[in-house]
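J.: Data file model_30.pdb (PDB, C-alpha atoms, pLDDT in the B column) is appended below.
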MODEL        1
ATOM      1  CA  MET L1087      -7.919  17.318   7.951  1.00 36.00           C
ATOM      2  CA  VAL L1088      -4.572  16.570   6.255  1.00 38.00           C
ATOM      3  CA  ALA L1089      -2.893  19.357   8.239  1.00 37.00           C
ATOM      4  CA  GLU L1090      -3.941  17.642  11.480  1.00 39.00           C
ATOM      5  CA  TYR L1091      -2.094  14.489  10.397  1.00 36.00           C
ATOM      6  CA  ARG L1092       1.046  16.440   9.506  1.00 37.00           C
ATOM      7  CA  HIS L1093       1.362  17.713  13.079  1.00 35.00           C
ATOM      8  CA  ALA L1094       0.946  14.219  14.489  1.00 39.00           C
ATOM      9  CA  LEU L1095       3.601  12.662  12.256  1.00 37.00           C
ATOM     10  CA  HIS L1096       6.862  13.895  13.752  1.00 37.00           C
ATOM     11  CA  PRO L1097       7.529  10.636  15.665  1.00 38.00           C
ATOM     12  CA  LEU L1098       7.149   8.703  12.417  1.00 45.00           C
ATOM     13  CA  ARG L1099      10.363  10.001  10.925  1.00 45.00           C
ATOM     14  CA  ASP L1100      12.204   7.101  12.565  1.00 47.00           C
ATOM     15  CA  ALA L1101      11.194   4.785   9.721  1.00 48.00           C
ATOM     16  CA  PRO L1102      13.762   2.152   8.795  1.00 53.00           C
ATOM     17  CA  GLU L1103      16.345   3.332   6.270  1.00 61.00           C
ATOM     18  CA  MET L1104      14.924   1.103   3.560  1.00 59.00           C
ATOM     19  CA  LEU L1105      11.508   2.712   3.957  1.00 72.00           C
ATOM     20  CA  ALA L1106      12.847   6.262   4.215  1.00 74.00           C
ATOM     21  CA  SER L1107      14.327   6.008   0.726  1.00 82.00           C
ATOM     22  CA  ALA L1108      11.560   3.856  -0.779  1.00 90.00           C
ATOM     23  CA  THR L1109       9.184   4.630  -3.613  1.00 94.00           C
ATOM     24  CA  VAL L1110       5.617   3.584  -2.832  1.00 96.00           C
ATOM     25  CA  LEU L1111       2.907   3.259  -5.471  1.00 98.00           C
ATOM     26  CA  VAL L1112      -0.480   4.058  -3.909  1.00 98.00           C
ATOM     27  CA  VAL L1113      -3.557   3.045  -5.913  1.00 98.00           C
ATOM     28  CA  GLU L1114      -6.658   4.405  -4.179  1.00 97.00           C
ATOM     29  CA  ASN L1115      -9.873   5.622  -5.785  1.00 96.00           C
ATOM     30  CA  ASP L1116     -11.045   7.683  -2.792  1.00 95.00           C
ATOM     31  CA  PRO L1117      -9.332  11.093  -3.118  1.00 96.00           C
ATOM     32  CA  VAL L1118      -9.313  11.849   0.625  1.00 95.00           C
ATOM     33  CA  THR L1119      -7.771   8.490   1.561  1.00 95.00           C
ATOM     34  CA  ARG L1120      -5.284   8.785  -1.311  1.00 96.00           C
ATOM     35  CA  GLU L1121      -4.189  12.255  -0.155  1.00 96.00           C
ATOM     36  CA  LEU L1122      -3.877  11.117   3.473  1.00 95.00           C
ATOM     37  CA  LEU L1123      -1.757   8.120   2.478  1.00 96.00           C
ATOM     38  CA  GLU L1124       0.407  10.292   0.260  1.00 96.00           C
ATOM     39  CA  THR L1125       0.966  12.854   3.034  1.00 96.00           C
ATOM     40  CA  ILE L1126       1.685  10.249   5.712  1.00 94.00           C
ATOM     41  CA  LEU L1127       4.151   8.327   3.546  1.00 94.00           C
ATOM     42  CA  GLN L1128       5.915  11.482   2.334  1.00 94.00           C
ATOM     43  CA  THR L1129       6.295  12.680   5.917  1.00 92.00           C
ATOM     44  CA  ALA L1130       7.999   9.355   6.697  1.00 91.00           C
ATOM     45  CA  GLY L1131      10.476  10.060   3.889  1.00 90.00           C
ATOM     46  CA  CYS L1132       8.983   7.960   1.104  1.00 93.00           C
ATOM     47  CA  GLN L1133       8.675   8.996  -2.496  1.00 95.00           C
ATOM     48  CA  VAL L1134       5.018   8.465  -3.411  1.00 97.00           C
ATOM     49  CA  LEU L1135       3.344   7.842  -6.747  1.00 97.00           C
ATOM     50  CA  ALA L1136      -0.392   8.190  -6.078  1.00 98.00           C
ATOM     51  CA  VAL L1137      -2.923   7.240  -8.753  1.00 98.00           C
ATOM     52  CA  PRO L1138      -6.741   7.132  -8.672  1.00 97.00           C
ATOM     53  CA  ASN L1139      -7.531   3.804 -10.371  1.00 98.00           C
ATOM     54  CA  GLY L1140      -6.266   0.389 -11.386  1.00 97.00           C
ATOM     55  CA  ASN L1141      -5.612   1.349 -14.997  1.00 98.00           C
ATOM     56  CA  ALA L1142      -3.258   4.147 -13.925  1.00 98.00           C
ATOM     57  CA  GLY L1143      -1.701   1.805 -11.357  1.00 98.00           C
ATOM     58  CA  LEU L1144      -0.996  -0.855 -13.972  1.00 98.00           C
ATOM     59  CA  LEU L1145       0.494   1.748 -16.303  1.00 97.00           C
ATOM     60  CA  SER L1146       2.745   3.001 -13.473  1.00 97.00           C
ATOM     61  CA  LEU L1147       3.847  -0.553 -12.660  1.00 97.00           C
ATOM     62  CA  CYS L1148       4.661  -1.294 -16.297  1.00 95.00           C
ATOM     63  CA  GLN L1149       6.516   1.966 -16.925  1.00 96.00           C
ATOM     64  CA  GLN L1150       8.299   2.383 -13.581  1.00 94.00           C
ATOM     65  CA  GLN L1151       8.596  -1.139 -12.161  1.00 89.00           C
ATOM     66  CA  ALA L1152      12.305  -0.772 -11.372  1.00 89.00           C
ATOM     67  CA  GLN L1153      11.661   2.350  -9.272  1.00 92.00           C
ATOM     68  CA  ILE L1154       8.674   1.032  -7.272  1.00 94.00           C
ATOM     69  CA  ASP L1155       9.684  -0.558  -3.976  1.00 93.00           C
ATOM     70  CA  TRP L1156       6.253  -1.085  -2.397  1.00 94.00           C
ATOM     71  CA  LEU L1157       2.659  -1.332  -3.618  1.00 96.00           C
ATOM     72  CA  VAL L1158      -0.321  -0.139  -1.577  1.00 96.00           C
ATOM     73  CA  THR L1159      -3.597  -0.704  -3.400  1.00 95.00           C
ATOM     74  CA  ARG L1160      -7.285  -0.981  -2.721  1.00 94.00           C
ATOM     75  CA  VAL L1161      -8.601  -4.450  -3.599  1.00 92.00           C
ATOM     76  CA  ARG L1162     -11.795  -3.266  -5.264  1.00 92.00           C
ATOM     77  CA  LEU L1163     -11.193  -0.529  -7.806  1.00 94.00           C
ATOM     78  CA  PRO L1164     -13.462   0.892 -10.498  1.00 91.00           C
ATOM     79  CA  GLY L1165     -12.752  -0.355 -14.012  1.00 89.00           C
ATOM     80  CA  LEU L1166     -11.199  -3.552 -15.308  1.00 94.00           C
ATOM     81  CA  VAL L1167      -7.986  -3.543 -13.267  1.00 97.00           C
ATOM     82  CA  ASP L1168      -8.396  -4.410  -9.582  1.00 94.00           C
ATOM     83  CA  GLY L1169      -5.966  -4.780  -6.694  1.00 94.00           C
ATOM     84  CA  TRP L1170      -5.478  -8.517  -7.288  1.00 91.00           C
ATOM     85  CA  LEU L1171      -4.267  -7.900 -10.837  1.00 94.00           C
ATOM     86  CA  LEU L1172      -1.951  -5.140  -9.636  1.00 96.00           C
ATOM     87  CA  ALA L1173      -0.560  -7.455  -6.935  1.00 93.00           C
ATOM     88  CA  ASP L1174       0.116 -10.147  -9.544  1.00 92.00           C
ATOM     89  CA  GLU L1175       1.946  -7.686 -11.794  1.00 94.00           C
ATOM     90  CA  TYR L1176       3.951  -6.315  -8.868  1.00 95.00           C
ATOM     91  CA  HIS L1177       4.933  -9.842  -7.784  1.00 92.00           C
ATOM     92  CA  ARG L1178       6.322 -10.642 -11.238  1.00 91.00           C
ATOM     93  CA  HIS L1179       9.259  -8.350 -10.360  1.00 89.00           C
ATOM     94  CA  ASN L1180       9.123  -8.510  -6.543  1.00 87.00           C
ATOM     95  CA  PRO L1181       8.130 -12.114  -5.784  1.00 87.00           C
ATOM     96  CA  ASP L1182       9.234 -12.072  -2.144  1.00 83.00           C
ATOM     97  CA  ARG L1183       7.790  -8.723  -1.140  1.00 85.00           C
ATOM     98  CA  PRO L1184       4.230  -8.480   0.225  1.00 87.00           C
ATOM     99  CA  VAL L1185       1.684  -6.041  -1.160  1.00 90.00           C
ATOM    100  CA  ILE L1186      -0.438  -3.942   1.172  1.00 91.00           C
ATOM    101  CA  LEU L1187      -4.054  -4.413   0.136  1.00 90.00           C
ATOM    102  CA  LEU L1188      -6.703  -2.011   1.406  1.00 91.00           C
ATOM    103  CA  SER L1189     -10.016  -3.751   2.011  1.00 87.00           C
ATOM    104  CA  GLU L1190     -12.941  -3.587   4.409  1.00 81.00           C
ATOM    105  CA  THR L1191     -13.733  -7.281   4.110  1.00 74.00           C
ATOM    106  CA  ILE L1192     -12.219 -10.185   2.246  1.00 65.00           C
ATOM    107  CA  SER L1193     -13.686 -13.676   2.301  1.00 48.00           C
ATOM    108  CA  ASP L1194     -11.437 -16.724   2.018  1.00 42.00           C
ATOM    109  CA  ALA L1195     -12.981 -17.459  -1.388  1.00 47.00           C
ATOM    110  CA  GLU L1196     -11.843 -14.043  -2.623  1.00 58.00           C
ATOM    111  CA  CYS L1197      -8.284 -14.414  -1.354  1.00 59.00           C
ATOM    112  CA  PRO L1198      -6.021 -15.925  -4.007  1.00 57.00           C
ATOM    113  CA  SER L1199      -2.583 -17.183  -3.070  1.00 53.00           C
ATOM    114  CA  VAL L1200      -0.873 -13.811  -2.929  1.00 61.00           C
ATOM    115  CA  ASP L1201       1.655 -12.526  -0.413  1.00 74.00           C
ATOM    116  CA  ALA L1202      -0.202  -9.631   1.125  1.00 75.00           C
ATOM    117  CA  VAL L1203      -0.994  -7.735   4.263  1.00 79.00           C
ATOM    118  CA  PHE L1204      -4.597  -6.587   4.515  1.00 80.00           C
ATOM    119  CA  VAL L1205      -5.302  -3.195   6.099  1.00 83.00           C
ATOM    120  CA  PRO L1206      -8.659  -1.426   6.388  1.00 85.00           C
ATOM    121  CA  PRO L1207      -8.721   1.595   4.036  1.00 82.00           C
ATOM    122  CA  HIS L1208      -9.929   3.884   6.831  1.00 84.00           C
ATOM    123  CA  ALA L1209      -6.654   3.299   8.747  1.00 87.00           C
ATOM    124  CA  PRO L1210      -3.949   5.157   6.783  1.00 88.00           C
ATOM    125  CA  MET L1211      -1.593   5.323   9.777  1.00 91.00           C
ATOM    126  CA  ARG L1212      -1.745   1.520   9.956  1.00 90.00           C
ATOM    127  CA  VAL L1213      -0.365   1.402   6.390  1.00 91.00           C
ATOM    128  CA  LEU L1214       2.745   3.261   7.556  1.00 90.00           C
ATOM    129  CA  GLU L1215       3.114   0.976  10.591  1.00 89.00           C
ATOM    130  CA  VAL L1216       2.911  -2.104   8.355  1.00 88.00           C
ATOM    131  CA  LEU L1217       5.399  -0.673   5.847  1.00 88.00           C
ATOM    132  CA  LYS L1218       7.822   0.193   8.640  1.00 87.00           C
ATOM    133  CA  GLY L1219       7.553  -3.334   9.976  1.00 85.00           C
ATOM    134  CA  LEU L1220       8.043  -4.915   6.562  1.00 84.00           C
ATOM    135  CA  ALA L1221      10.949  -2.643   5.654  1.00 82.00           C
ATOM    136  CA  GLY L1222      12.702  -3.405   8.924  1.00 76.00           C
ATOM    137  CA  ALA L1223      12.124  -7.150   8.695  1.00 64.00           C
ATOM    138  CA  LYS L1224      13.735  -9.694   6.457  1.00 46.00           C
ATOM    139  CA  LEU L1225      11.521  -9.933   3.408  1.00 41.00           C
ATOM    140  CA  ILE L1226       9.797 -13.257   3.887  1.00 36.00           C
ATOM    141  CA  PRO L1227       6.403 -13.837   2.249  1.00 36.00           C
ATOM    142  CA  VAL L1228       3.699 -12.890   4.732  1.00 34.00           C
ATOM    143  CA  VAL L1229      -0.038 -13.384   4.644  1.00 36.00           C
ATOM    144  CA  SER L1230      -1.869 -11.538   7.380  1.00 35.00           C
ATOM    145  CA  HIS L1231      -5.597 -10.917   7.551  1.00 36.00           C
ATOM    146  CA  GLU L1232      -5.989  -7.815   9.701  1.00 38.00           C
ATOM    147  CA  LEU L1233      -9.484  -6.899   8.658  1.00 36.00           C
ATOM    148  CA  GLN L1234     -12.137  -5.420  10.787  1.00 34.00           C
ATOM    149  CA  ARG L1235     -15.364  -7.015   9.650  1.00 34.00           C
ATOM    150  CA  ALA L1236     -18.025  -4.499   8.754  1.00 35.00           C
ATOM    151  CA  ALA L1237     -20.722  -4.572  11.391  1.00 31.00           C
TER     152      ALA L1237
ENDMDL
END
As C-alpha cells - that is how I would like this structure written.

T.:
Amino acid sequence: MVAEYRHALHPLRDAPEMLASATVLVVENDPVTRELLETILQTAGCQVLAVPNGNAGLLSLCQQQAQIDWLVTRVRLPGLVDGWLLADEYHRHNPDRPVILLSETISDAECPSVDAVFVPPHAPMRVLEVLKGLAGAKLIPVVSHELQRAA
C-alpha cells in the first residue's frame, strides 16, 4: 500500500522551499496512517519525526522544540496526552503557526481557541496539501474546519 503512494508522489516534489526543508512532528496512534504520513512527507522533502502516542509527542516537543517546524497530530490519542495538549505546547514556541489536527469529527464544544487546520485522518495526501499551502502562505493564524462528518 505504501509503495503505491510512492509512485503517485512525484508531482508533489514542488513543495514550497520552506516545507521542503521543514521538520514535521507526526503524532498518530494508527501505525498504517503514521507510516503513510511519514512516507508522503518524506517524499515531499520533509524531515519527519513520527511517534505513536501523545506521551512520545510531548517528549519530542520538549526535547526538540527548536527543530520542529510543523505539528501534525491526531486529536484523540490513547493515554493522558491528547492532541489539544500537544497543540498548546507547540504554540508556546510557535504562536502564529497553525497545527494540523487529525480528527473525524469535532464539535464546537470540543474546539478550544487554538489555531488549527482540521483534516480527516483517512486523508494523508490532504495533510501534505495543507502543509504546502501553509508553508507557501504568510503565517497568519488560521482556523479551518474541514471535517467530513461521519455518516

J.: Convert the output of the PyMOL selection byres ((chain L and resi 1109) around 8) on the shown file into explicit residues, formatted as a PyMOL selection string.

T.: chain L and resi 1107-1108+1110-1111+1132-1135+1153-1156

J.: Between CA of Leu1157 (chain L) and CA of Val1185 (chain L), measure the distance and give it in Å to one decimal.

T.: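 Computed distance, CA of Leu1157 (chain L) to CA of Val1185 (chain L), equals 5.4 Å.
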
J.: I need the residue nearest Leu1127 (chain L) from this list: L:Leu1188, L:Ala1106, L:Ala1152, L:Val1203. Use all atoms listed in the file for the distance.

T.: L:Ala1106

J.: Give the padded box for region 1169-1177 of chain L as JSON: axis-aligned, covering all atoms listed in the file, 5 Å on each side, centre and edge lengths in Å to one decimal.

T.:
{"center_x": -0.5, "center_y": -7.5, "center_z": -9.2, "size_x": 20.9, "size_y": 15.4, "size_z": 15.1}

J.: Which residues, named as in the file, does the PyMOL selection byres ((chain L and resi 1207) around 8) pick out? Answer as a list in words.

T.: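 Taken over the shown coordinates, the PyMOL selection byres ((chain L and resi 1207) around 8) returns Thr1119, Arg1160, Leu1188, Ser1189, Glu1190, Val1205, Pro1206, His1208, Ala1209 and Pro1210 of chain L.
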
J.: Rank nothing, just name the residue among L:Gly1222, L:Gln1128, L:Val1118, L:Ala1173 nearest to Gly1140 (chain L), using only C-alpha atoms.

T.: L:Ala1173
